Amino acid sequence: AQTVTQSQPEMSVQEAETVTLSCTYDTSESDYYLFWYKQPPSRQMILVIRQEAYKQQNATENRFSVNFQKAAKSFSLKISDSQLGDAAMYFCAYRSARSAGTALIFGKGTTLSVSS
Amino acid sequence: GAVVSQHPSRVICKSGTSVKIECRSLDFQATTMFWYRQFPKQSLMLMATSNEGSKATYEQGVEKDKFLINHASLTLSTLTVTSAHPEDSSFYICSARSQLNYNEQFFGPGTRLTVL
């Protein structure tokens, strides 16, 4: 079975600084997707970034980028120029590409606080 | 982006009663919907996967007779918590995957259930 591990329960960063959230996963599959989701206090899940395992190039979305190391099964999220609105719980998630019906498997999450 | 709604957003009920939570995809057809449960400051735990017109697939440890899931149409799935008890109090989140693009998965805003 696939597992997702986030080893940092809490992280903090100052406004305008950069922070990296860690995520490792375990799978025997070669084709899959990885995601970072943000859950603010409203608890609405928001997709931050997605990475297809077959792509070597790291995904980037504005201030958010990932460092995808397939051999090491590592998928970290870097947030640049942190803003107060980035404060939230961040979840790393895995999804098999085996079929359209496979569910997202989430890590335990990292609570990010941003100070001014 | 696509919108998933949940109703009600909050519900308080007495122990022993049943509660129904609706999940609707408002502007797309969802072949697959997922139900998650989330305790405070914890991750999302997959409860079940439902495909339109067929029986839901429940995760290990989730009582299918207690958590009844119906996915009667491509835009509606319901979760009924039967004979609710205080330990069923939690935040329930549904998620829907588009029929046209199964790489996209959209989350509802969640339902907070409190059982007295």
# chains A, B, ... in the order shown; residues from 1 in each chain; ligands from 1
>>> residues_around(residues="A:Gln8", least_positions_apart="5", cutoff="9 Å", atoms="only C-alpha atoms", output="ChimeraX atom specification")
/A:21-23,109-111
>>> write_last_selection(atoms="N, CA and C atoms", output="PDB file, in the first residue's frame")
ATOM      1  N   LEU A  21       8.541  22.759   2.737  1.00  0.00           N
ATOM      2  CA  LEU A  21       7.809  21.712   3.457  1.00  0.00           C
ATOM      3  C   LEU A  21       8.186  20.357   2.862  1.00  0.00           C
ATOM      4  N   SER A  22       8.453  19.410   3.720  1.00  0.00           N
ATOM      5  CA  SER A  22       8.940  18.109   3.268  1.00  0.00           C
ATOM      6  C   SER A  22       7.828  17.078   3.122  1.00  0.00           C
ATOM      7  N   CYS A  23       8.043  16.167   2.201  1.00  0.00           N
ATOM      8  CA  CYS A  23       7.101  15.068   1.990  1.00  0.00           C
ATOM      9  C   CYS A  23       7.859  13.907   1.371  1.00  0.00           C
ATOM     10  N   GLY A 109      -0.037  16.165   7.279  1.00  0.00           N
ATOM     11  CA  GLY A 109      -0.141  17.605   7.193  1.00  0.00           C
ATOM     12  C   GLY A 109       0.937  18.354   7.949  1.00  0.00           C
ATOM     13  N   THR A 110       1.189  19.563   7.483  1.00  0.00           N
ATOM     14  CA  THR A 110       2.116  20.487   8.140  1.00  0.00           C
ATOM     15  C   THR A 110       1.400  21.808   8.323  1.00  0.00           C
ATOM     16  N   THR A 111       1.352  22.286   9.553  1.00  0.00           N
ATOM     17  CA  THR A 111       0.735  23.578   9.823  1.00  0.00           C
ATOM     18  C   THR A 111       1.781  24.667   9.649  1.00  0.00           C
TER      19      THR A 111
END
>>> interface_residues(of="chain B", to="chain A", cutoff="7 Å", atoms="only C-alpha atoms", output="list in words")
Thr32, Gln42, Ser43, Leu44, Tyr102, Phe107 and Pro109 of chain B
>>> write_last_selection(atoms="N, CA, C and O atoms", output="PDB file, in the first residue's frame")
ATOM      1  N   THR B  32     -16.911   9.772 -10.289  1.00  0.00           N
ATOM      2  CA  THR B  32     -16.444   9.240  -9.016  1.00  0.00           C
ATOM      3  C   THR B  32     -16.479  10.329  -7.953  1.00  0.00           C
ATOM      4  O   THR B  32     -16.054  11.458  -8.202  1.00  0.00           O
ATOM      5  N   GLN B  42      -6.045  17.096  12.096  1.00  0.00           N
ATOM      6  CA  GLN B  42      -5.565  15.842  11.549  1.00  0.00           C
ATOM      7  C   GLN B  42      -5.783  15.802  10.046  1.00  0.00           C
ATOM      8  O   GLN B  42      -6.326  16.733   9.454  1.00  0.00           O
ATOM      9  N   SER B  43      -5.350  14.710   9.459  1.00  0.00           N
ATOM     10  CA  SER B  43      -5.435  14.583   8.011  1.00  0.00           C
ATOM     11  C   SER B  43      -6.810  14.109   7.572  1.00  0.00           C
ATOM     12  O   SER B  43      -7.660  13.770   8.395  1.00  0.00           O
ATOM     13  N   LEU B  44      -7.008  14.079   6.276  1.00  0.00           N
ATOM     14  CA  LEU B  44      -8.236  13.553   5.704  1.00  0.00           C
ATOM     15  C   LEU B  44      -8.097  12.036   5.574  1.00  0.00           C
ATOM     16  O   LEU B  44      -7.143  11.536   4.972  1.00  0.00           O
ATOM     17  N   TYR B 102     -10.250  13.223 -15.469  1.00  0.00           N
ATOM     18  CA  TYR B 102     -10.150  12.581 -14.154  1.00  0.00           C
ATOM     19  C   TYR B 102      -8.861  12.943 -13.428  1.00  0.00           C
ATOM     20  O   TYR B 102      -8.636  12.499 -12.315  1.00  0.00           O
ATOM     21  N   PHE B 107     -12.958  19.605  -4.262  1.00  0.00           N
ATOM     22  CA  PHE B 107     -13.439  19.344  -2.918  1.00  0.00           C
ATOM     23  C   PHE B 107     -14.608  20.236  -2.541  1.00  0.00           C
ATOM     24  O   PHE B 107     -14.652  21.419  -2.893  1.00  0.00           O
ATOM     25  N   PRO B 109     -16.871  22.101   0.555  1.00  0.00           N
ATOM     26  CA  PRO B 109     -16.431  22.904   1.697  1.00  0.00           C
ATOM     27  C   PRO B 109     -16.517  22.174   3.025  1.00  0.00           C
ATOM     28  O   PRO B 109     -16.057  22.696   4.045  1.00  0.00           O
TER      29      PRO B 109
END
>>> select_by_dssp(residues="chain B", states="strand (DSSP E or B)", output="PyMOL selection string")
chain B and resi 4-7+10-13+19-25+30-38+44-51+57-58+67-73+76-81+90-98+105-107+111-115
>>> write_last_selection(atoms="C-alpha atoms", output="CSV table (one decimal), in the first residue's frame")
chain,number,residue,atom,x,y,z
B,4,VAL,CA,-18.6,21.2,-5.4
B,5,SER,CA,-21.2,22.0,-2.8
B,6,GLN,CA,-22.1,20.3,0.4
B,7,HIS,CA,-25.3,20.6,2.4
B,10,ARG,CA,-23.2,22.3,9.9
B,11,VAL,CA,-25.5,19.9,11.6
B,12,ILE,CA,-26.2,19.1,15.2
B,13,CYS,CA,-28.2,16.1,16.1
B,19,VAL,CA,-28.1,12.5,9.4
B,20,LYS,CA,-27.9,12.9,5.6
B,21,ILE,CA,-25.2,15.0,4.0
B,22,GLU,CA,-25.5,15.9,0.3
B,23,CYS,CA,-22.6,16.5,-2.1
B,24,ARG,CA,-23.2,18.1,-5.5
B,25,SER,CA,-21.0,18.9,-8.4
B,30,ALA,CA,-18.6,13.4,-11.6
B,31,THR,CA,-18.2,9.8,-12.3
B,32,THR,CA,-16.4,9.2,-9.0
B,33,MET,CA,-17.0,10.9,-5.7
B,34,PHE,CA,-15.0,10.4,-2.5
B,35,TRP,CA,-16.0,10.8,1.1
B,36,TYR,CA,-13.4,11.8,3.7
B,37,ARG,CA,-13.5,12.3,7.4
B,38,GLN,CA,-11.3,14.8,9.2
B,44,LEU,CA,-8.2,13.6,5.7
B,45,MET,CA,-9.1,9.9,6.0
B,46,LEU,CA,-10.8,8.3,3.1
B,47,MET,CA,-14.0,6.6,4.1
B,48,ALA,CA,-15.3,5.4,0.7
B,49,THR,CA,-15.3,5.8,-3.0
B,50,SER,CA,-18.5,5.9,-4.9
B,51,ASN,CA,-19.1,5.6,-8.6
B,57,THR,CA,-16.3,0.8,-2.0
B,58,TYR,CA,-15.6,1.3,1.7
B,67,PHE,CA,-22.2,5.2,6.8
B,68,LEU,CA,-24.6,4.8,3.9
B,69,ILE,CA,-23.4,6.2,0.6
B,70,ASN,CA,-25.6,6.7,-2.4
B,71,HIS,CA,-24.4,8.0,-5.8
B,72,ALA,CA,-27.6,8.1,-7.7
B,73,SER,CA,-26.6,10.6,-10.4
B,76,LEU,CA,-25.1,14.0,-6.5
B,77,SER,CA,-23.8,11.7,-3.8
B,78,THR,CA,-25.2,11.4,-0.3
B,79,LEU,CA,-23.7,10.2,2.9
B,80,THR,CA,-26.1,9.1,5.6
B,81,VAL,CA,-24.8,8.6,9.1
B,90,SER,CA,-16.3,15.1,12.9
B,91,PHE,CA,-15.8,17.1,9.7
B,92,TYR,CA,-16.9,15.3,6.6
B,93,ILE,CA,-15.6,16.3,3.2
B,94,CYS,CA,-16.7,15.1,-0.2
B,95,SER,CA,-14.6,15.3,-3.3
B,96,ALA,CA,-15.6,14.8,-6.9
B,97,ARG,CA,-13.6,13.8,-10.0
B,98,SER,CA,-14.6,15.1,-13.4
B,105,GLN,CA,-10.4,16.5,-8.3
B,106,PHE,CA,-12.5,19.1,-6.6
B,107,PHE,CA,-13.4,19.3,-2.9
B,111,THR,CA,-19.9,19.5,6.8
B,112,ARG,CA,-19.3,19.7,10.5
B,113,LEU,CA,-21.4,17.1,12.3
B,114,THR,CA,-21.9,17.3,16.1
B,115,VAL,CA,-23.7,14.5,17.8
>>> atom_distance(atom1="atom CA of A:Lys73", atom2="atom CA of A:Ala59")
15.5 Å
>>> closest_residue(among="A:Gln57, A:Gln14, A:Ala72, A:Ala93", to="A:Gln2", atoms="only C-alpha atoms")
A:Ala93
>>> atom_distance(atom1="atom CA of A:Glu17", atom2="atom CA of A:Val4")
26.5 Å
>>> closest_residue(among="B:Gln29, B:Ser54, B:Lys66, B:Gly110", to="B:His85", atoms="only C-alpha atoms")
B:Lys66
>>> closest_residue(among="A:Tyr54, A:Phe64, A:Ser30, A:Pro41", to="B:Pro40", atoms="only C-alpha atoms")
A:Pro41
>>> atom_distance(atom1="atom CA of A:Gln6", atom2="atom CA of B:Asn101")
28.1 Å
>>> closest_residue(among="A:Thr3, A:Gln56, A:Leu112, A:Asp81", to="A:Thr24", atoms="only C-alpha atoms")
A:Thr3
